[in-house]
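K.L.:
To be precise about what I am sending: the file is called upload_25.cif and holds mmCIF, C-alpha atoms and all ligand atoms.
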```
data_final
loop_
_atom_site.label_atom_id
_atom_site.label_comp_id
_atom_site.auth_asym_id
_atom_site.auth_seq_id
_atom_site.Cartn_x
_atom_site.Cartn_y
_atom_site.Cartn_z
CA MET A 178 1.73 3.48 4.48
CA PRO A 179 1.73 1.98 0.98
CA GLU A 180 -1.27 3.21 -1.02
CA LEU A 181 -2.60 2.10 -4.41
CA PRO A 182 0.48 3.03 -6.53
CA GLU A 183 2.94 1.35 -4.16
CA VAL A 184 0.87 -1.82 -3.74
CA GLU A 185 0.29 -1.95 -7.50
CA THR A 186 4.04 -1.59 -8.14
CA THR A 187 4.80 -4.38 -5.67
CA ALA A 188 2.13 -6.76 -6.99
CA LYS A 189 3.04 -6.20 -10.66
CA MET A 190 6.74 -6.76 -10.05
CA LEU A 191 6.16 -9.81 -7.87
CA ASN A 192 3.90 -11.33 -10.49
CA LYS A 193 6.87 -11.26 -12.87
CA LEU A 194 9.43 -12.37 -10.28
CA VAL A 195 7.72 -15.23 -8.43
CA LYS A 196 4.93 -16.48 -10.69
CA ASN A 197 5.09 -20.25 -11.29
CA LEU A 198 7.71 -20.80 -8.58
CA ILE A 199 7.13 -23.38 -5.86
CA ILE A 200 7.34 -22.57 -2.17
CA ARG A 201 10.04 -24.76 -0.64
CA ASP A 202 10.24 -23.43 2.90
CA VAL A 203 8.94 -20.63 5.10
CA TRP A 204 10.61 -18.90 8.06
CA SER A 205 9.38 -16.17 10.38
CA ASP A 206 10.39 -14.57 13.66
CA TYR A 207 7.11 -12.70 14.14
CA ASN A 208 5.85 -13.81 17.53
CA SER A 209 3.53 -11.49 19.37
CA LYS A 210 1.50 -12.28 22.49
CA ALA A 211 -0.97 -9.61 21.40
CA PHE A 212 -1.90 -11.77 18.39
CA GLU A 213 -2.33 -15.05 20.26
CA GLY A 214 -5.23 -17.05 18.80
CA LYS A 215 -5.62 -14.58 15.92
CA ARG A 216 -5.55 -15.37 12.22
CA ASN A 217 -2.23 -13.70 11.55
CA ILE A 218 1.29 -15.08 11.14
CA LYS A 219 2.30 -12.97 14.16
CA ASP A 220 0.71 -15.74 16.25
CA LYS A 221 3.30 -18.53 16.41
CA ASN A 222 0.74 -21.36 16.26
CA TYR A 223 -1.06 -19.78 13.34
CA PHE A 224 2.27 -19.37 11.58
CA LEU A 225 3.08 -23.09 11.94
CA LYS A 226 -0.23 -24.02 10.28
CA PHE A 227 0.27 -21.37 7.59
CA ARG A 228 3.75 -22.72 6.88
CA GLU A 229 2.54 -26.30 6.56
CA GLU A 230 -0.27 -25.31 4.20
CA ILE A 231 1.84 -23.33 1.77
CA ILE A 232 5.00 -25.45 1.52
CA GLY A 233 5.00 -27.37 -1.76
CA GLU A 234 2.45 -25.08 -3.41
CA LYS A 235 3.01 -23.17 -6.62
CA ILE A 236 2.43 -19.40 -6.82
CA LEU A 237 0.00 -19.06 -9.72
CA LYS A 238 -0.42 -15.30 -9.75
CA VAL A 239 0.25 -12.17 -7.67
CA HIS A 240 -2.21 -9.28 -7.85
CA ARG A 241 -3.61 -6.34 -5.94
CA LEU A 242 -7.01 -5.80 -4.37
CA GLY A 243 -7.39 -2.42 -2.67
CA LYS A 244 -4.20 -2.08 -0.67
CA ASN A 245 -3.75 -5.86 -0.31
CA VAL A 246 -1.25 -8.04 -2.17
CA LEU A 247 -2.75 -11.44 -2.99
CA PHE A 248 -0.68 -14.53 -3.86
CA GLN A 249 -2.89 -17.11 -5.52
CA LEU A 250 -1.60 -20.63 -4.78
CA SER A 251 -2.12 -24.00 -6.47
CA ASN A 252 -4.15 -25.37 -3.49
CA ASN A 253 -7.14 -23.05 -4.03
CA LYS A 254 -5.88 -20.81 -1.27
CA THR A 255 -4.53 -17.26 -1.33
CA ILE A 256 -1.96 -15.55 0.83
CA LEU A 257 -3.29 -12.12 1.78
CA ALA A 258 -0.71 -9.52 2.76
CA HIS A 259 -1.60 -6.04 3.93
CA MET A 260 1.71 -4.20 4.25
CA LYS A 261 0.22 -1.64 6.69
CA MET A 262 2.66 1.03 7.94
CA THR A 263 6.14 -0.20 7.09
CA GLY A 264 5.92 -3.57 5.34
CA HIS A 265 7.31 -4.37 1.89
CA PHE A 266 8.30 -7.48 -0.06
CA LEU A 267 11.82 -8.04 -1.35
CA PHE A 268 13.08 -10.58 -3.86
CA GLY A 269 16.57 -11.95 -4.26
CA LYS A 270 19.08 -14.38 -2.85
CA TYR A 271 19.26 -14.28 0.94
CA LYS A 272 21.28 -16.21 3.49
CA PHE A 273 20.71 -16.96 7.16
CA GLN A 274 23.64 -15.76 9.24
CA SER A 275 23.99 -15.22 13.01
CA GLY A 276 20.26 -15.49 13.60
CA LYS A 277 19.07 -13.24 10.79
CA TRP A 278 18.46 -13.16 7.06
CA ILE A 279 20.70 -10.93 4.99
CA PRO A 280 21.08 -10.41 1.23
CA ASP A 281 23.68 -12.75 -0.29
CA GLU A 282 26.66 -11.07 -2.00
CA LYS A 283 25.67 -13.00 -5.15
CA ASN A 284 22.81 -10.54 -5.66
CA LYS A 285 24.48 -7.90 -7.72
CA ASN A 286 21.76 -5.63 -6.45
CA ARG A 287 22.98 -3.05 -3.92
CA ALA A 288 19.47 -1.74 -3.35
CA LEU A 289 18.67 -4.74 -1.14
CA LEU A 290 21.25 -3.37 1.31
CA ASP A 291 19.22 -0.15 1.84
CA PRO A 292 18.70 0.27 5.63
CA MET A 293 14.91 0.28 5.11
CA ASN A 294 15.22 -3.30 3.78
CA ARG A 295 16.89 -4.75 6.87
CA PHE A 296 13.85 -5.59 9.00
CA ILE A 297 13.25 -9.11 7.68
CA HIS A 298 10.51 -10.98 9.57
CA LEU A 299 9.29 -13.46 6.95
CA VAL A 300 11.26 -15.41 4.33
CA ILE A 301 9.77 -17.72 1.73
CA SER A 302 12.35 -19.95 0.00
CA LEU A 303 11.50 -20.57 -3.65
CA SER A 304 12.19 -23.33 -6.16
CA ASN A 305 14.68 -21.17 -8.12
CA SER A 306 16.89 -20.96 -4.96
CA LYS A 307 15.87 -17.33 -4.43
CA HIS A 308 13.83 -15.83 -1.64
CA LEU A 309 10.78 -13.71 -1.12
CA ALA A 310 11.54 -11.73 2.02
CA PHE A 311 9.32 -9.33 3.92
CA SER A 312 10.80 -6.30 5.67
CA ASP A 313 8.57 -4.71 8.31
CA MET A 314 10.27 -2.21 10.59
CA ARG A 315 7.33 -1.58 12.88
CA LYS A 316 5.75 -5.04 12.53
CA PHE A 317 2.24 -3.80 11.76
CA ALA A 318 1.69 -5.97 8.68
CA LYS A 319 -1.16 -8.44 8.43
CA ILE A 320 -0.50 -11.73 6.62
CA TYR A 321 -2.71 -14.82 6.53
CA LEU A 322 -4.12 -17.52 4.30
CA ILE A 323 -7.67 -17.58 2.93
CA GLU A 324 -9.60 -20.25 1.08
CA ASN A 325 -10.59 -18.95 -2.35
CA LYS A 326 -14.20 -20.07 -1.99
CA VAL A 327 -14.74 -17.82 1.03
CA ALA A 328 -12.47 -14.95 -0.08
CA LYS A 329 -15.37 -12.65 -0.92
CA LYS A 330 -16.59 -12.88 2.66
CA ASP A 331 -13.17 -12.33 4.18
CA GLU A 332 -13.04 -9.50 6.71
CA GLU A 333 -10.21 -7.66 4.87
CA LEU A 334 -11.78 -8.07 1.44
CA LYS A 335 -15.57 -7.96 1.79
CA ASN A 336 -15.85 -4.20 2.32
CA ILE A 337 -13.37 -3.02 -0.28
CA GLY A 338 -15.07 -0.43 -2.47
CA THR A 339 -14.54 0.15 -6.18
CA ASP A 340 -10.90 0.54 -7.03
CA ALA A 341 -9.90 4.15 -7.66
CA LEU A 342 -8.43 3.07 -11.02
CA ASN A 343 -11.30 0.79 -12.04
CA THR A 344 -12.01 1.81 -15.63
CA LYS A 345 -15.73 1.17 -15.02
CA LEU A 346 -15.83 3.81 -12.28
CA THR A 347 -17.67 6.81 -13.75
CA LEU A 348 -17.86 10.35 -12.39
CA LYS A 349 -21.51 9.69 -11.56
CA ASP A 350 -20.68 6.56 -9.49
CA PHE A 351 -17.78 8.34 -7.87
CA LYS A 352 -19.96 11.23 -6.76
CA ALA A 353 -22.75 8.94 -5.56
CA ARG A 354 -20.26 6.93 -3.49
CA LEU A 355 -18.78 10.00 -1.83
CA LEU A 356 -22.26 11.39 -1.15
CA THR A 357 -23.09 8.35 0.98
CA LYS A 358 -20.82 10.10 3.50
CA LYS A 359 -22.19 13.56 2.75
CA ASN A 360 -21.40 14.98 6.19
CA ALA A 361 -17.80 13.78 6.16
CA LYS A 362 -14.86 15.96 5.21
CA ILE A 363 -13.71 15.28 1.66
CA LYS A 364 -10.23 14.07 2.67
CA THR A 365 -11.76 11.54 5.05
CA ALA A 366 -14.33 10.41 2.46
CA LEU A 367 -11.60 9.85 -0.17
CA MET A 368 -9.78 7.63 2.31
CA TYR A 369 -12.81 5.44 3.22
CA GLN A 370 -11.75 2.17 1.58
CA GLU A 371 -15.34 0.89 1.45
CA LEU A 372 -16.33 3.77 -0.90
CA ILE A 373 -13.31 4.04 -3.20
CA SER A 374 -10.28 1.87 -2.49
CA GLY A 375 -6.61 2.68 -2.78
CA ILE A 376 -6.27 6.29 -1.56
CA GLY A 377 -4.50 7.17 1.68
CA ASN A 378 -2.86 10.19 3.25
CA ILE A 379 -0.40 11.23 0.55
CA TYR A 380 -2.64 10.95 -2.50
CA SER A 381 -5.71 12.52 -0.85
CA ASP A 382 -3.63 15.66 -0.11
CA GLU A 383 -2.16 15.76 -3.61
CA ILE A 384 -5.52 15.17 -5.34
CA LEU A 385 -7.25 17.93 -3.35
CA TRP A 386 -4.46 20.47 -3.96
CA ALA A 387 -4.65 19.77 -7.70
CA SER A 388 -8.43 20.24 -7.50
CA PHE A 389 -8.30 23.59 -5.58
CA VAL A 390 -10.44 22.00 -2.81
CA ARG A 391 -9.66 22.27 0.90
CA PRO A 392 -9.35 18.86 2.63
CA ASP A 393 -11.82 19.91 5.35
CA ARG A 394 -14.67 20.75 2.96
CA ILE A 395 -17.86 18.84 3.75
CA VAL A 396 -18.72 16.44 0.91
CA SER A 397 -22.26 17.80 0.47
CA SER A 398 -20.87 21.31 -0.11
CA LEU A 399 -18.93 20.31 -3.23
CA ASN A 400 -20.28 21.41 -6.60
CA GLU A 401 -20.35 19.41 -9.83
CA GLN A 402 -17.19 21.05 -11.13
CA GLU A 403 -15.30 20.18 -7.95
CA PHE A 404 -16.37 16.52 -8.01
CA LYS A 405 -15.23 16.38 -11.62
CA LYS A 406 -11.82 17.87 -10.83
CA ILE A 407 -11.28 15.53 -7.89
CA PHE A 408 -12.27 12.53 -10.01
CA ASN A 409 -9.98 13.44 -12.92
CA HIS A 410 -7.01 14.37 -10.74
CA MET A 411 -7.44 11.16 -8.73
CA LYS A 412 -7.01 9.06 -11.89
CA ARG A 413 -4.19 11.20 -13.23
CA ILE A 414 -2.15 11.38 -10.02
CA LEU A 415 -2.45 7.67 -9.15
CA LYS A 416 -1.38 6.70 -12.70
CA LYS A 417 1.46 9.20 -12.62
CA SER A 418 2.74 7.72 -9.36
CA ILE A 419 2.54 4.16 -10.72
CA SER A 420 4.61 5.32 -13.69
CA MET A 421 7.22 6.59 -11.19
CA GLY A 422 7.27 3.37 -9.15
CA GLY A 423 5.22 4.80 -6.26
CA ASP A 424 6.21 7.04 -3.36
CA SER A 425 9.24 6.47 -1.13
CA MET A 426 9.18 9.59 1.03
CA SER A 427 8.85 7.14 3.90
CA ASP A 428 10.08 3.52 3.94
CA TYR A 429 8.40 2.04 0.84
CA ARG A 430 10.73 0.10 -1.46
CA ASN A 431 9.82 -2.07 -4.46
CA PRO A 432 10.59 -5.84 -4.52
CA LEU A 433 14.09 -5.13 -5.84
CA GLY A 434 14.68 -2.87 -2.84
CA GLN A 435 14.54 0.33 -4.90
CA ARG A 436 12.80 3.61 -4.12
CA GLY A 437 9.87 5.01 -6.06
CA LEU A 438 10.14 8.63 -7.23
CA PHE A 439 6.73 10.21 -6.66
CA GLN A 440 7.95 12.04 -3.52
CA ASN A 441 10.07 14.22 -5.82
CA ILE A 442 6.99 15.81 -7.35
CA HIS A 443 4.80 16.32 -4.27
CA LYS A 444 2.95 19.60 -4.56
CA VAL A 445 1.67 19.76 -1.01
CA TYR A 446 2.20 16.62 1.09
CA ARG A 447 4.64 17.38 3.93
CA ARG A 448 5.40 20.85 2.56
CA THR A 449 4.23 22.58 5.77
CA ARG A 450 5.29 26.28 6.01
CA LEU A 451 6.66 26.26 2.45
CA GLN A 452 5.29 28.46 -0.29
CA CYS A 453 2.56 27.06 -2.53
CA PHE A 454 3.87 25.77 -5.87
CA ARG A 455 1.11 27.49 -7.87
CA LYS A 456 2.67 30.25 -9.93
CA SER A 457 0.12 32.92 -9.17
CA CYS A 458 -0.28 31.93 -5.49
CA LYS A 459 1.58 33.36 -2.49
CA GLY A 460 -0.06 31.00 0.00
CA ILE A 461 1.93 29.11 2.64
CA ILE A 462 1.18 25.38 3.05
CA GLN A 463 -0.53 24.54 6.34
CA LYS A 464 -0.92 21.29 8.20
CA ILE A 465 -4.12 20.52 10.07
CA VAL A 466 -5.49 17.35 11.62
CA ILE A 467 -8.62 15.84 10.09
CA ASN A 468 -10.07 12.71 11.64
CA SER A 469 -6.71 12.12 13.36
CA ARG A 470 -4.78 12.22 10.07
CA SER A 471 -2.56 15.11 9.03
CA ALA A 472 -3.75 17.11 6.03
CA HIS A 473 -1.58 19.54 4.07
CA PHE A 474 -3.14 22.29 1.96
CA CYS A 475 -2.80 25.85 0.73
CA PRO A 476 -5.30 28.12 2.51
CA ASN A 477 -4.97 30.67 -0.29
CA CYS A 478 -5.85 28.74 -3.44
CA GLN A 479 -7.77 25.74 -2.08
CA ARG A 480 -11.36 26.67 -1.29
ZN ZN B 501 -1.78 28.03 -3.22
#
```
Please re-express this file's structure in structure tokens.
P.N.:
Amino acid sequence: MPELPEVETTAKMLNKLVKNLIIRDVWSDYNSKAFEGKRNIKDKNYFLKFREEIIGEKILKVHRLGKNVLFQLSNNKTILAHMKMTGHFLFGKYKFQSGKWIPDEKNKNRALLDPMNRFIHLVISLSNSKHLAFSDMRKFAKIYLIENKVAKKDEELKNIGTDALNTKLTLKDFKARLLTKKNAKIKTALMYQELISGIGNIYSDEILWASFVRPDRIVSSLNEQEFKKIFNHMKRILKKSISMGGDSMSDYRNPLGQRGLFQNIHKVYRRTRLQCFRKSCKGIIQKIVINSRSAHFCPNCQR
């Protein structure tokens, strides 16, 4: 699932690619009975309303909030997109052929042909004759429209905690936030979006390995030094991943269809049964389940 670095990469690139363009048309083949009556474009009736409201509007700005991509429109409304498991936006020239949207040969961009970019379920036609497409293999994404004046109360946005890269977030705040879940395991606490937003499965494992802290440590058992290490490595690792275009070990691709590179420098995530990368350590990476999420760690050097 895209985490802070991937969503940041997407939002930053889209802000350059689609800012100030006008939405000319919108197509989708999402249509799920399970979402009937819900505020989600997967409900056909909701989609028709959504389409009508956004056609003709200008995209003023694209930015990130937590793990959401927000498209601010000229009608005081915002498209909220949570990419969930397998969703990602793509930008280029597309054409509709035999019932589906495919990249036009005029794109001299081969990356759009990557198999992970083939699951197109939403296409927004733009005023420069290009398209904003959304590929979502497993169809878990959540996309809907919110009115700006009620955005702060929106169910997806109201509980988002301080951003992990917010420059105003101090070590003291960070520690106090985690301690509100003092009986939780540290990996779980780092992933609670209402405390600190942006961290998911990959980065929590990487941050804790770098900090020499086991993912199943109880928050209240951490000492000052450990909180400090986790805080500093969190900032460092998230920034490092942004500089590498995010993580594409799974299906994430940026809006030009390209892979990020952070997976090439994983120290622990999905390295089960391999030797620990720490020079002086002979530990073997283990995988355990914490709060129904897999956690990877070195039982030798993480305490
Ligand atoms: Zn180790």
K.L.:
Around range 241-251 of chain A, fit a box with edges along x, y and z, padding it by 5 Å on each side, then list its centre and edge lengths in Å to one decimal as JSON.
P.N.:
```
{"center_x": -4.0, "center_y": -13.0, "center_z": -3.4, "size_x": 16.7, "size_y": 31.9, "size_z": 16.2}
```
K.L.:
Tell me, as a ChimeraX atom specification, which residues lie within 10 Å of range 190-206 of chain A, counting only C-alpha atoms; anything in the same chain fewer than 6 positions away does not count.
P.N.:
/A:184,218-219,221,224-225,227-229,231-240,246,248-251,266-269,276-278,297-311,431-433
K.L.:
Could you give me the residues within 10 Å of ligand ZN 501 (chain B), counting all atoms listed in the file, as a PyMOL selection string?
P.N.:
chain A and resi 386-387+389+444-445+452-462+474-480
K.L.:
Just give me the gap between CA of Asn208 in chain A and CA of Lys316 in chain A in Å, one decimal is fine.
P.N.:
10.1 Å
K.L.:
Considering only C-alpha atoms, can you say which of A:Leu372, A:Ala341, A:Gln463, A:Met426 comes closest to Ile407 in chain A?
P.N.:
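Among A:Leu372, A:Ala341, A:Gln463, A:Met426, it is A:Ala341 that comes nearest to Ile407 in chain A.
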K.L.:
For Leu257 in chain A, which residue out of A:Ser209, A:Asn325, A:Asn284, A:Ser312 is the nearest one, using only C-alpha atoms?
P.N.:
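Of all the options, A:Asn325 lies closest to Leu257 in chain A.
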K.L.:
Which of these, A:Gln435, A:Thr187, A:Asn378, A:Ser275, has the shortest distance to Met293 in chain A once you count all atoms listed in the file?
P.N.:
A:Gln435
K.L.:
Return the single residue from A:Ser427, A:Ser374, A:Asn286, A:Asn222 that is closest to Met178 in chain A, with distances computed using only C-alpha atoms.
P.N.:
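Among A:Ser427, A:Ser374, A:Asn286, A:Asn222, it is A:Ser427 that comes nearest to Met178 in chain A.
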K.L.:
Calculate how many Å separate CA of Pro182 in chain A from CA of Thr365 in chain A, rounding to one decimal.
P.N.:
18.9 Å
K.L.:
Missing atoms in range 204-229 of chain A need filling: write out N, CA, C and O atoms for it as a short mmCIF file (atom, residue, chain, number, x, y, z; two decimals), in the frame of the given file.
P.N.:
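out18.cif written:
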```cif
data_model
loop_
_atom_site.label_atom_id
_atom_site.label_comp_id
_atom_site.auth_asym_id
_atom_site.auth_seq_id
_atom_site.Cartn_x
_atom_site.Cartn_y
_atom_site.Cartn_z
N TRP A 204 10.03 -19.25 6.74
CA TRP A 204 10.61 -18.90 8.06
C TRP A 204 10.00 -17.58 8.52
O TRP A 204 9.71 -16.71 7.72
N SER A 205 9.81 -17.47 9.84
CA SER A 205 9.38 -16.17 10.38
C SER A 205 9.82 -16.03 11.83
O SER A 205 9.90 -17.03 12.55
N ASP A 206 10.13 -14.81 12.24
CA ASP A 206 10.39 -14.57 13.66
C ASP A 206 9.34 -13.64 14.27
O ASP A 206 9.52 -13.12 15.35
N TYR A 207 8.23 -13.43 13.52
CA TYR A 207 7.11 -12.70 14.14
C TYR A 207 6.64 -13.59 15.29
O TYR A 207 6.50 -14.80 15.13
N ASN A 208 6.38 -13.03 16.42
CA ASN A 208 5.85 -13.81 17.53
C ASN A 208 5.34 -12.82 18.56
O ASN A 208 6.11 -12.29 19.36
N SER A 209 4.06 -12.54 18.50
CA SER A 209 3.53 -11.49 19.37
C SER A 209 2.39 -12.04 20.23
O SER A 209 1.42 -12.59 19.71
N LYS A 210 2.54 -11.86 21.53
CA LYS A 210 1.50 -12.28 22.49
C LYS A 210 0.17 -11.61 22.18
O LYS A 210 -0.90 -12.19 22.36
N ALA A 211 0.25 -10.37 21.69
CA ALA A 211 -0.97 -9.61 21.40
C ALA A 211 -1.81 -10.26 20.30
O ALA A 211 -2.99 -9.97 20.16
N PHE A 212 -1.18 -11.13 19.50
CA PHE A 212 -1.90 -11.77 18.39
C PHE A 212 -2.25 -13.23 18.67
O PHE A 212 -2.67 -13.95 17.78
N GLU A 213 -2.07 -13.66 19.91
CA GLU A 213 -2.33 -15.05 20.26
C GLU A 213 -3.77 -15.45 19.90
O GLU A 213 -4.72 -14.73 20.22
N GLY A 214 -3.90 -16.57 19.19
CA GLY A 214 -5.23 -17.05 18.80
C GLY A 214 -5.81 -16.33 17.60
O GLY A 214 -6.90 -16.67 17.13
N LYS A 215 -5.08 -15.32 17.07
CA LYS A 215 -5.62 -14.58 15.92
C LYS A 215 -5.14 -15.20 14.60
O LYS A 215 -4.15 -15.93 14.54
N ARG A 216 -5.89 -14.87 13.54
CA ARG A 216 -5.55 -15.37 12.22
C ARG A 216 -4.54 -14.42 11.59
O ARG A 216 -4.86 -13.53 10.80
N ASN A 217 -3.29 -14.62 11.97
CA ASN A 217 -2.23 -13.70 11.55
C ASN A 217 -0.92 -14.42 11.84
O ASN A 217 -0.78 -15.03 12.91
N ILE A 218 0.04 -14.34 10.92
CA ILE A 218 1.29 -15.08 11.14
C ILE A 218 2.07 -14.56 12.35
O ILE A 218 3.06 -15.17 12.75
N LYS A 219 1.63 -13.46 12.95
CA LYS A 219 2.30 -12.97 14.16
C LYS A 219 1.98 -13.87 15.37
O LYS A 219 2.64 -13.77 16.39
N ASP A 220 0.96 -14.71 15.23
CA ASP A 220 0.71 -15.74 16.25
C ASP A 220 1.51 -16.97 15.85
O ASP A 220 1.36 -17.50 14.74
N LYS A 221 2.37 -17.42 16.73
CA LYS A 221 3.30 -18.53 16.41
C LYS A 221 2.56 -19.79 15.95
O LYS A 221 2.96 -20.44 14.98
N ASN A 222 1.47 -20.15 16.64
CA ASN A 222 0.74 -21.36 16.26
C ASN A 222 0.08 -21.21 14.90
O ASN A 222 0.08 -22.15 14.09
N TYR A 223 -0.47 -20.02 14.65
CA TYR A 223 -1.06 -19.78 13.34
C TYR A 223 0.02 -19.90 12.26
O TYR A 223 -0.18 -20.51 11.21
N PHE A 224 1.18 -19.33 12.55
CA PHE A 224 2.27 -19.37 11.58
C PHE A 224 2.65 -20.81 11.22
O PHE A 224 2.87 -21.14 10.04
N LEU A 225 2.70 -21.70 12.21
CA LEU A 225 3.08 -23.09 11.94
C LEU A 225 2.09 -23.77 10.99
O LEU A 225 2.47 -24.50 10.09
N LYS A 226 0.81 -23.48 11.18
CA LYS A 226 -0.23 -24.02 10.28
C LYS A 226 -0.09 -23.43 8.88
O LYS A 226 -0.19 -24.11 7.87
N PHE A 227 0.10 -22.12 8.84
CA PHE A 227 0.27 -21.37 7.59
C PHE A 227 1.43 -21.96 6.79
O PHE A 227 1.31 -22.26 5.60
N ARG A 228 2.54 -22.19 7.49
CA ARG A 228 3.75 -22.72 6.88
C ARG A 228 3.48 -24.09 6.25
O ARG A 228 3.81 -24.34 5.08
N GLU A 229 2.84 -24.95 7.03
CA GLU A 229 2.54 -26.30 6.56
C GLU A 229 1.64 -26.28 5.32
O GLU A 229 1.82 -27.06 4.40
#
```
